[in-house]
>>> print(open('target.cif').read())   # mmCIF, C-alpha atoms
data_target
loop_
_atom_site.label_atom_id
_atom_site.label_comp_id
_atom_site.auth_asym_id
_atom_site.auth_seq_id
_atom_site.Cartn_x
_atom_site.Cartn_y
_atom_site.Cartn_z
CA MET A 1 21.20 -5.07 93.73
CA TYR A 2 24.83 -5.11 92.63
CA GLU A 3 27.51 -2.53 93.49
CA PHE A 4 31.18 -1.90 92.95
CA ASP A 5 33.51 0.83 94.21
CA SER A 6 35.77 2.90 92.00
CA ARG A 7 37.75 6.11 91.81
CA ILE A 8 37.37 8.68 89.05
CA ARG A 9 40.30 8.38 86.65
CA TYR A 10 42.02 11.08 84.59
CA SER A 11 40.98 9.33 81.36
CA GLU A 12 37.31 9.67 82.40
CA THR A 13 37.29 13.42 82.96
CA ASP A 14 36.88 16.58 80.89
CA PRO A 15 39.42 19.45 80.76
CA GLU A 16 38.03 20.72 84.08
CA GLY A 17 38.66 17.40 85.81
CA VAL A 18 34.96 16.44 85.97
CA LEU A 19 33.56 13.04 84.98
CA THR A 20 32.13 13.11 81.44
CA ILE A 21 28.65 11.87 80.57
CA GLU A 22 30.18 9.29 78.25
CA SER A 23 32.25 7.88 81.12
CA LEU A 24 29.22 7.86 83.43
CA ILE A 25 27.38 5.72 80.88
CA ASP A 26 30.40 3.42 80.63
CA TYR A 27 30.27 2.95 84.42
CA PHE A 28 26.57 2.02 84.24
CA GLN A 29 27.10 -0.38 81.34
CA ASP A 30 30.02 -2.04 83.11
CA CYS A 31 27.97 -2.38 86.28
CA SER A 32 25.16 -4.29 84.55
CA THR A 33 27.72 -6.49 82.76
CA PHE A 34 29.49 -7.21 86.05
CA GLN A 35 26.19 -8.25 87.61
CA THR A 36 25.22 -10.58 84.77
CA GLN A 37 28.64 -12.22 85.00
CA HIS A 38 28.35 -12.44 88.78
CA VAL A 39 24.98 -14.25 88.68
CA GLY A 40 26.03 -16.61 85.88
CA ALA A 41 23.93 -15.00 83.13
CA GLY A 42 26.72 -13.17 81.34
CA LEU A 43 28.15 -13.24 77.83
CA ASP A 44 28.89 -16.98 77.69
CA TYR A 45 25.47 -17.89 79.10
CA LEU A 46 23.74 -15.71 76.51
CA LYS A 47 25.94 -16.85 73.63
CA GLU A 48 25.17 -20.51 74.32
CA ARG A 49 21.46 -19.70 74.05
CA HIS A 50 21.81 -17.34 71.05
CA LEU A 51 20.48 -14.44 73.13
CA ILE A 52 21.38 -10.80 73.61
CA TRP A 53 19.96 -7.99 75.71
CA ILE A 54 19.12 -4.93 73.58
CA LEU A 55 18.76 -1.54 75.23
CA ASN A 56 15.57 0.28 74.23
CA ALA A 57 15.81 3.45 76.31
CA TRP A 58 17.88 5.41 78.82
CA GLN A 59 16.88 8.12 81.24
CA ILE A 60 19.81 9.52 83.23
CA ASP A 61 19.29 12.29 85.81
CA ILE A 62 22.43 14.02 87.04
CA ASP A 63 22.60 15.56 90.50
CA ARG A 64 26.28 16.40 90.24
CA MET A 65 29.29 15.01 88.42
CA PRO A 66 32.16 13.71 90.58
CA ARG A 67 35.67 14.98 90.05
CA LEU A 68 39.06 13.45 89.38
CA TYR A 69 40.29 11.03 92.09
CA GLU A 70 36.93 11.06 93.89
CA ASN A 71 35.74 7.77 95.40
CA VAL A 72 32.38 6.61 94.08
CA THR A 73 30.06 3.61 94.32
CA VAL A 74 28.23 2.42 91.21
CA GLY A 75 25.15 0.21 91.51
CA THR A 76 22.32 -1.35 89.56
CA ILE A 77 18.94 -2.74 90.59
CA PRO A 78 16.89 -4.95 88.25
CA TYR A 79 13.34 -4.20 89.38
CA LEU A 80 11.17 -5.85 86.71
CA LEU A 81 11.55 -8.91 84.48
CA LYS A 82 8.38 -9.64 82.54
CA GLY A 83 7.64 -11.20 79.18
CA PHE A 84 10.41 -10.16 76.80
CA THR A 85 11.62 -7.12 78.73
CA GLY A 86 13.70 -6.13 81.73
CA GLN A 87 13.90 -2.83 83.56
CA ARG A 88 16.75 -1.76 85.80
CA ASN A 89 17.91 1.29 87.69
CA PHE A 90 21.46 2.53 87.94
CA TYR A 91 23.08 4.97 90.33
CA MET A 92 26.39 6.52 91.27
CA THR A 93 26.95 7.85 94.78
CA GLY A 94 29.75 9.80 96.38
CA LYS A 95 31.71 8.95 99.50
CA ASP A 96 28.94 10.42 101.69
CA GLY A 97 26.30 8.21 100.04
CA SER A 98 24.51 11.05 98.24
CA PHE A 99 23.53 10.56 94.61
CA CYS A 100 25.73 11.83 91.81
CA ALA A 101 23.41 10.37 89.17
CA ARG A 102 20.37 8.10 88.86
CA ALA A 103 19.12 6.26 85.81
CA ASN A 104 16.31 4.11 84.50
CA SER A 105 16.63 1.73 81.55
CA LEU A 106 14.45 -0.59 79.47
CA TRP A 107 15.84 -3.72 77.80
CA THR A 108 14.54 -6.46 75.48
CA LEU A 109 15.84 -10.04 75.43
CA PHE A 110 16.39 -10.94 71.76
CA ASP A 111 16.86 -14.32 70.06
CA LEU A 112 19.55 -14.18 67.37
CA GLN A 113 18.30 -17.34 65.66
CA THR A 114 14.67 -16.34 65.23
CA MET A 115 15.47 -12.59 65.13
CA TYR A 116 12.52 -11.99 67.44
CA PRO A 117 12.22 -11.03 71.12
CA SER A 118 12.62 -14.01 73.45
CA ARG A 119 10.47 -14.61 76.50
CA ILE A 120 12.46 -14.54 79.75
CA THR A 121 12.57 -18.05 81.21
CA LYS A 122 12.12 -18.86 84.89
CA GLU A 123 15.71 -20.17 84.95
CA HIS A 124 17.00 -16.84 83.67
CA GLU A 125 14.76 -14.82 85.98
CA GLU A 126 15.83 -16.76 89.09
CA ARG A 127 19.45 -15.70 88.60
CA TYR A 128 18.56 -12.10 89.46
CA GLU A 129 17.48 -10.57 92.75
CA ILE A 130 14.59 -8.26 91.92
CA GLY A 131 14.72 -5.05 93.96
CA GLU A 132 12.68 -1.91 94.57
CA LYS A 133 12.74 1.04 92.15
CA ILE A 134 14.84 3.95 93.32
CA ASP A 135 13.30 7.36 93.98
CA MET A 136 13.42 9.43 90.80
CA GLU A 137 11.08 10.87 88.18
CA TYR A 138 10.15 8.22 85.61
CA LEU A 139 9.50 9.44 82.07
CA GLY A 140 8.23 7.42 79.12
CA ARG A 141 10.43 5.61 76.64
CA LYS A 142 9.35 7.62 73.58
CA ILE A 143 11.02 10.94 72.78
CA THR A 144 9.02 13.42 70.71
CA LEU A 145 11.06 15.54 68.33
CA PRO A 146 10.58 19.31 68.72
CA LYS A 147 8.41 21.05 66.12
CA THR A 148 11.24 23.38 65.24
CA GLU A 149 13.29 22.76 62.11
CA GLY A 150 16.29 20.51 62.60
CA VAL A 151 19.77 21.26 61.30
CA ALA A 152 21.80 18.40 59.83
CA GLY A 153 25.36 17.91 61.06
CA ASP A 154 28.23 16.12 59.39
CA PRO A 155 27.66 12.40 58.66
CA VAL A 156 29.62 9.95 60.82
CA ILE A 157 30.88 6.66 59.40
CA ILE A 158 30.74 3.72 61.78
CA HIS A 159 34.11 2.14 62.52
CA ARG A 160 35.11 -0.92 64.50
CA HIS A 161 35.68 1.10 67.68
CA HIS A 162 31.97 2.02 67.72
CA LEU A 163 30.91 -1.66 68.01
CA ASP A 164 30.23 -3.85 71.02
CA SER A 165 30.56 -7.63 71.45
CA ASN A 166 27.31 -8.13 69.52
CA GLY A 167 28.75 -6.50 66.39
CA HIS A 168 26.50 -3.43 66.34
CA VAL A 169 26.97 0.13 67.57
CA ASN A 170 27.22 0.22 71.35
CA ASN A 171 24.51 2.29 73.03
CA GLY A 172 27.13 4.52 74.65
CA GLN A 173 28.67 5.26 71.25
CA PHE A 174 25.34 6.64 70.02
CA ILE A 175 25.51 9.09 72.94
CA ARG A 176 29.09 10.06 72.07
CA ILE A 177 28.13 10.77 68.47
CA ALA A 178 25.16 12.90 69.62
CA LEU A 179 27.29 14.87 72.10
CA ASP A 180 29.99 15.48 69.49
CA ALA A 181 27.30 16.80 67.13
CA THR A 182 25.99 19.29 69.72
CA GLU A 183 29.49 20.57 70.44
CA ALA A 184 30.26 20.95 66.74
CA ALA A 185 27.00 22.90 66.29
CA ASP A 186 28.07 25.35 69.04
CA ILE A 187 24.46 26.12 69.98
CA LYS A 188 23.98 29.50 71.64
CA GLY A 189 22.74 29.23 75.23
CA PHE A 190 23.44 25.50 75.52
CA ASP A 191 26.33 24.25 77.64
CA PRO A 192 26.96 20.46 77.41
CA ALA A 193 28.86 20.62 80.71
CA ARG A 194 25.64 21.66 82.51
CA ILE A 195 23.41 18.82 81.29
CA LYS A 196 21.14 17.57 84.08
CA ARG A 197 19.08 15.02 82.16
CA LEU A 198 19.85 12.72 79.26
CA ARG A 199 17.28 10.55 77.53
CA ALA A 200 17.88 8.16 74.65
CA GLU A 201 15.48 6.09 72.58
CA TYR A 202 17.08 3.34 70.51
CA LYS A 203 15.17 2.39 67.35
CA LYS A 204 17.43 0.56 64.90
CA GLN A 205 20.69 -1.36 65.06
CA VAL A 206 23.62 0.16 63.16
CA PHE A 207 26.66 -1.72 61.86
CA ILE A 208 30.20 -1.10 60.64
CA GLY A 209 30.35 0.89 57.42
CA ASP A 210 26.96 2.53 57.97
CA TYR A 211 26.64 6.33 58.04
CA LEU A 212 24.75 8.24 60.72
CA THR A 213 23.68 11.84 60.14
CA PRO A 214 22.86 13.86 63.27
CA VAL A 215 19.89 16.19 62.88
CA ILE A 216 19.91 18.73 65.72
CA PHE A 217 16.86 20.46 67.22
CA HIS A 218 17.14 23.33 69.72
CA GLY A 219 14.34 24.39 72.06
CA GLN A 220 13.25 24.56 75.68
CA SER A 221 11.98 21.96 78.10
CA GLU A 222 8.78 22.37 80.12
CA GLU A 223 10.96 23.54 83.01
CA GLY A 224 12.37 26.31 80.81
CA ARG A 225 15.80 24.69 80.44
CA GLU A 226 17.67 24.85 77.15
CA THR A 227 17.17 21.52 75.39
CA VAL A 228 18.93 19.92 72.46
CA THR A 229 17.49 16.85 70.77
CA VAL A 230 19.64 14.90 68.31
CA ASP A 231 18.03 12.50 65.85
CA LEU A 232 20.71 10.13 64.54
CA ARG A 233 19.51 9.06 61.11
CA MET A 234 20.60 6.57 58.48
CA GLU A 235 19.24 8.07 55.27
CA ASP A 236 15.58 8.81 56.21
CA THR A 237 15.41 6.26 59.06
CA SER A 238 15.74 7.38 62.69
CA CYS A 239 18.11 5.03 64.52
CA CYS A 240 18.46 6.77 67.88
CA VAL A 241 17.07 9.94 69.43
CA VAL A 242 19.02 11.64 72.23
CA ALA A 243 17.51 14.48 74.29
CA LEU A 244 19.78 16.65 76.45
CA SER A 245 18.60 19.28 78.92
#
>>> encode(input="target.cif", output="structure tokens")
Amino acid sequence: MYEFDSRIRYSETDPEGVLTIESLIDYFQDCSTFQTQHVGAGLDYLKERHLIWILNAWQIDIDRMPRLYENVTVGTIPYLLKGFTGQRNFYMTGKDGSFCARANSLWTLFDLQTMYPSRITKEHEERYEIGEKIDMEYLGRKITLPKTEGVAGDPVIIHRHHLDSNGHVNNGQFIRIALDATEAADIKGFDPARIKRLRAEYKKQVFIGDYLTPVIFHGQSEEGRETVTVDLRMEDTSCCVVALS
């Protein structure tokens, strides 16, 4: 387990003074990066070994979003390292210790020289303290597109600000592009500010100069909630699917 304390900043909030989903994801990403640095398996360690961690899937369940100036604790728990993959939880809690959000994530360790997944070594594994999974509903990695007809949004060209230290589109930027597409579509009955669950399945790396076209599907979840699924495509290839409900 690794935790850090923070306070919700103005730059992280929406016009109502509430933390945005994009900023929540940034907190979770920073938390995992802080932990890898703390245990000596961070960017320099990976670079020396020609390795990167690639995110395969997110599931983020939101209990409530904290507000401007609110004190929060952000944490992460790696709970499984096996073969080529790692799984870790994330959470954000308020001052009283109750959950604001909980998340599950699946990662693959990738070798940049062979361009294949790399088996996690005992040395790498021993740097992490493996913990227990947190209490939440665990859904599968795959996201099935609705059977309704999708509507294509405006293509988005990838710029330098979309990239991370590995030179490809950061996983949080995919989410930003998907959220922007849903707001531009102005879907009747769907309020992005009331999202309680976000899932993302990452399929293909995207680089500077590439174009992503969001294809938007509107339907209902099994619980009867309004659901929007965004398939971010490069030509006919699906690069990332984001489901919001």
>>> closest_residue(input="target.cif", among="A:Gly150, A:Gly86, A:Gly97, A:Pro78", to="Lys133 of chain A", atoms="all atoms listed in the file")
A:Pro78
>>> closest_residue(input="target.cif", among="A:Asn170, A:Ser245, A:Gln205, A:Thr33", to="Gly189 of chain A", atoms="all atoms listed in the file")
A:Ser245
>>> atom_distance(input="target.cif", atom1="atom CA of Ile158 of chain A", atom2="atom CA of Ile216 of chain A")
18.9 Å
>>> atom_distance(input="target.cif", atom1="atom CA of Tyr10 of chain A", atom2="atom CA of Leu68 of chain A")
6.1 Å
>>> resolve_selection(input="target.cif", expression="the PyMOL selection byres ((chain A and resi 106) around 9)", output="list of chain:residue names")
A:Ile54, A:Leu55, A:Asn56, A:Ala57, A:Trp58, A:Thr85, A:Gly86, A:Gln87, A:Arg88, A:Asn104, A:Ser105, A:Trp107, A:Thr108, A:Arg141
>>> atom_distance(input="target.cif", atom1="atom CA of Leu244 of chain A", atom2="atom CA of Asn89 of chain A")
19.1 Å
>>> residues_around(input="target.cif", residues="Lys196 of chain A", least_positions_apart="3", cutoff="12 Å", atoms="only C-alpha atoms", output="CSV table (one decimal) with C-alpha atoms, in the coordinates of the input")
chain,number,residue,atom,x,y,z
A,21,ILE,CA,28.6,11.9,80.6
A,59,GLN,CA,16.9,8.1,81.2
A,60,ILE,CA,19.8,9.5,83.2
A,61,ASP,CA,19.3,12.3,85.8
A,62,ILE,CA,22.4,14.0,87.0
A,63,ASP,CA,22.6,15.6,90.5
A,64,ARG,CA,26.3,16.4,90.2
A,65,MET,CA,29.3,15.0,88.4
A,100,CYS,CA,25.7,11.8,91.8
A,101,ALA,CA,23.4,10.4,89.2
A,102,ARG,CA,20.4,8.1,88.9
A,103,ALA,CA,19.1,6.3,85.8
A,190,PHE,CA,23.4,25.5,75.5
A,191,ASP,CA,26.3,24.2,77.6
A,192,PRO,CA,27.0,20.5,77.4
A,193,ALA,CA,28.9,20.6,80.7
A,199,ARG,CA,17.3,10.6,77.5
A,221,SER,CA,12.0,22.0,78.1
A,223,GLU,CA,11.0,23.5,83.0
A,225,ARG,CA,15.8,24.7,80.4
A,226,GLU,CA,17.7,24.8,77.2
A,227,THR,CA,17.2,21.5,75.4
A,243,ALA,CA,17.5,14.5,74.3
A,244,LEU,CA,19.8,16.6,76.4
A,245,SER,CA,18.6,19.3,78.9
>>> closest_residue(input="target.cif", among="A:Val206, A:Leu80, A:Val230, A:Leu19", to="Asp180 of chain A", atoms="all atoms listed in the file")
A:Val230
>>> resolve_selection(input="target.cif", expression="the PyMOL selection byres ((chain A and resi 110) around 9)", output="list in words")
His50, Leu51, Ile52, Trp53, Ile54, Phe84, Thr108, Leu109, Asp111, Leu112, Thr114, Met115, Tyr116, Pro117, Ser118 and Arg119 of chain A
>>> resolve_selection(input="target.cif", expression="the PyMOL selection byres ((chain A and resi 159) around 9)", output="list in words")
Ile157, Ile158, Arg160, His161, His162, Leu163, Val169, Phe207, Ile208, Gly209 and Asp210 of chain A
>>> residues_around(input="target.cif", residues="Ala181 of chain A", least_positions_apart="5", cutoff="9 Å", atoms="all atoms listed in the file", output="MDAnalysis selection string")
chainID A and resid 153:154 176 186 214:216 230
>>> decode(input="target.cif", residues="segment 171-237 of chain A", atoms="C-alpha atoms", output="mmCIF file, in the first residue's frame")
data_model
loop_
_atom_site.group_PDB
_atom_site.id
_atom_site.type_symbol
_atom_site.label_atom_id
_atom_site.label_comp_id
_atom_site.auth_asym_id
_atom_site.auth_seq_id
_atom_site.Cartn_x
_atom_site.Cartn_y
_atom_site.Cartn_z
ATOM 1 C CA ASN A 171 -4.132 6.835 -20.738
ATOM 2 C CA GLY A 172 -5.730 9.823 -19.027
ATOM 3 C CA GLN A 173 -5.695 11.778 -22.289
ATOM 4 C CA PHE A 174 -7.783 9.060 -23.959
ATOM 5 C CA ILE A 175 -10.376 9.659 -21.224
ATOM 6 C CA ARG A 176 -10.264 13.427 -21.787
ATOM 7 C CA ILE A 177 -10.852 12.990 -25.511
ATOM 8 C CA ALA A 178 -13.797 10.641 -24.837
ATOM 9 C CA LEU A 179 -15.361 13.019 -22.299
ATOM 10 C CA ASP A 180 -14.966 15.983 -24.659
ATOM 11 C CA ALA A 181 -16.714 13.954 -27.367
ATOM 12 C CA THR A 182 -19.707 13.178 -25.125
ATOM 13 C CA GLU A 183 -20.077 16.832 -24.136
ATOM 14 C CA ALA A 184 -19.868 17.965 -27.760
ATOM 15 C CA ALA A 185 -22.559 15.410 -28.686
ATOM 16 C CA ASP A 186 -24.898 16.885 -26.024
ATOM 17 C CA ILE A 187 -26.691 13.572 -25.527
ATOM 18 C CA LYS A 188 -30.220 13.907 -24.179
ATOM 19 C CA GLY A 189 -30.647 12.361 -20.724
ATOM 20 C CA PHE A 190 -26.919 11.979 -20.090
ATOM 21 C CA ASP A 191 -25.156 14.238 -17.593
ATOM 22 C CA PRO A 192 -21.335 13.826 -17.483
ATOM 23 C CA ALA A 193 -21.306 15.423 -14.026
ATOM 24 C CA ARG A 194 -23.344 12.480 -12.650
ATOM 25 C CA ILE A 195 -21.086 9.659 -13.876
ATOM 26 C CA LYS A 196 -20.772 6.926 -11.251
ATOM 27 C CA ARG A 197 -18.690 4.402 -13.182
ATOM 28 C CA LEU A 198 -15.994 4.734 -15.805
ATOM 29 C CA ARG A 199 -14.423 1.811 -17.625
ATOM 30 C CA ALA A 200 -11.684 1.960 -20.241
ATOM 31 C CA GLU A 201 -10.135 -0.747 -22.394
ATOM 32 C CA TYR A 202 -6.866 0.204 -24.084
ATOM 33 C CA LYS A 203 -6.156 -1.638 -27.343
ATOM 34 C CA LYS A 204 -3.558 0.217 -29.401
ATOM 35 C CA GLN A 205 -0.864 2.804 -28.765
ATOM 36 C CA VAL A 206 -1.352 6.170 -30.464
ATOM 37 C CA PHE A 207 1.387 8.680 -31.304
ATOM 38 C CA ILE A 208 1.859 12.335 -32.191
ATOM 39 C CA GLY A 209 0.313 13.273 -35.522
ATOM 40 C CA ASP A 210 -2.224 10.436 -35.442
ATOM 41 C CA TYR A 211 -5.961 11.166 -35.690
ATOM 42 C CA LEU A 212 -8.560 9.666 -33.361
ATOM 43 C CA THR A 213 -12.235 9.676 -34.317
ATOM 44 C CA PRO A 214 -14.695 9.200 -31.443
ATOM 45 C CA VAL A 215 -17.692 7.023 -32.303
ATOM 46 C CA ILE A 216 -20.396 7.511 -29.674
ATOM 47 C CA PHE A 217 -23.015 4.951 -28.623
ATOM 48 C CA HIS A 218 -25.944 5.809 -26.333
ATOM 49 C CA GLY A 219 -27.932 3.232 -24.378
ATOM 50 C CA GLN A 220 -28.749 1.949 -20.904
ATOM 51 C CA SER A 221 -26.826 -0.174 -18.443
ATOM 52 C CA GLU A 222 -28.280 -3.287 -16.804
ATOM 53 C CA GLU A 223 -29.105 -1.110 -13.803
ATOM 54 C CA GLY A 224 -31.161 1.180 -16.040
ATOM 55 C CA ARG A 225 -28.664 4.050 -15.936
ATOM 56 C CA GLU A 226 -27.990 6.146 -19.019
ATOM 57 C CA THR A 227 -24.758 4.886 -20.565
ATOM 58 C CA VAL A 228 -22.463 6.366 -23.177
ATOM 59 C CA THR A 229 -19.737 4.279 -24.777
ATOM 60 C CA VAL A 230 -17.056 6.001 -26.854
ATOM 61 C CA ASP A 231 -14.939 3.996 -29.281
ATOM 62 C CA LEU A 232 -11.824 6.013 -30.130
ATOM 63 C CA ARG A 233 -10.780 4.838 -33.572
ATOM 64 C CA MET A 234 -7.841 5.410 -35.886
ATOM 65 C CA GLU A 235 -9.327 4.772 -39.327
ATOM 66 C CA ASP A 236 -11.102 1.398 -38.819
ATOM 67 C CA THR A 237 -8.988 0.306 -35.826
#
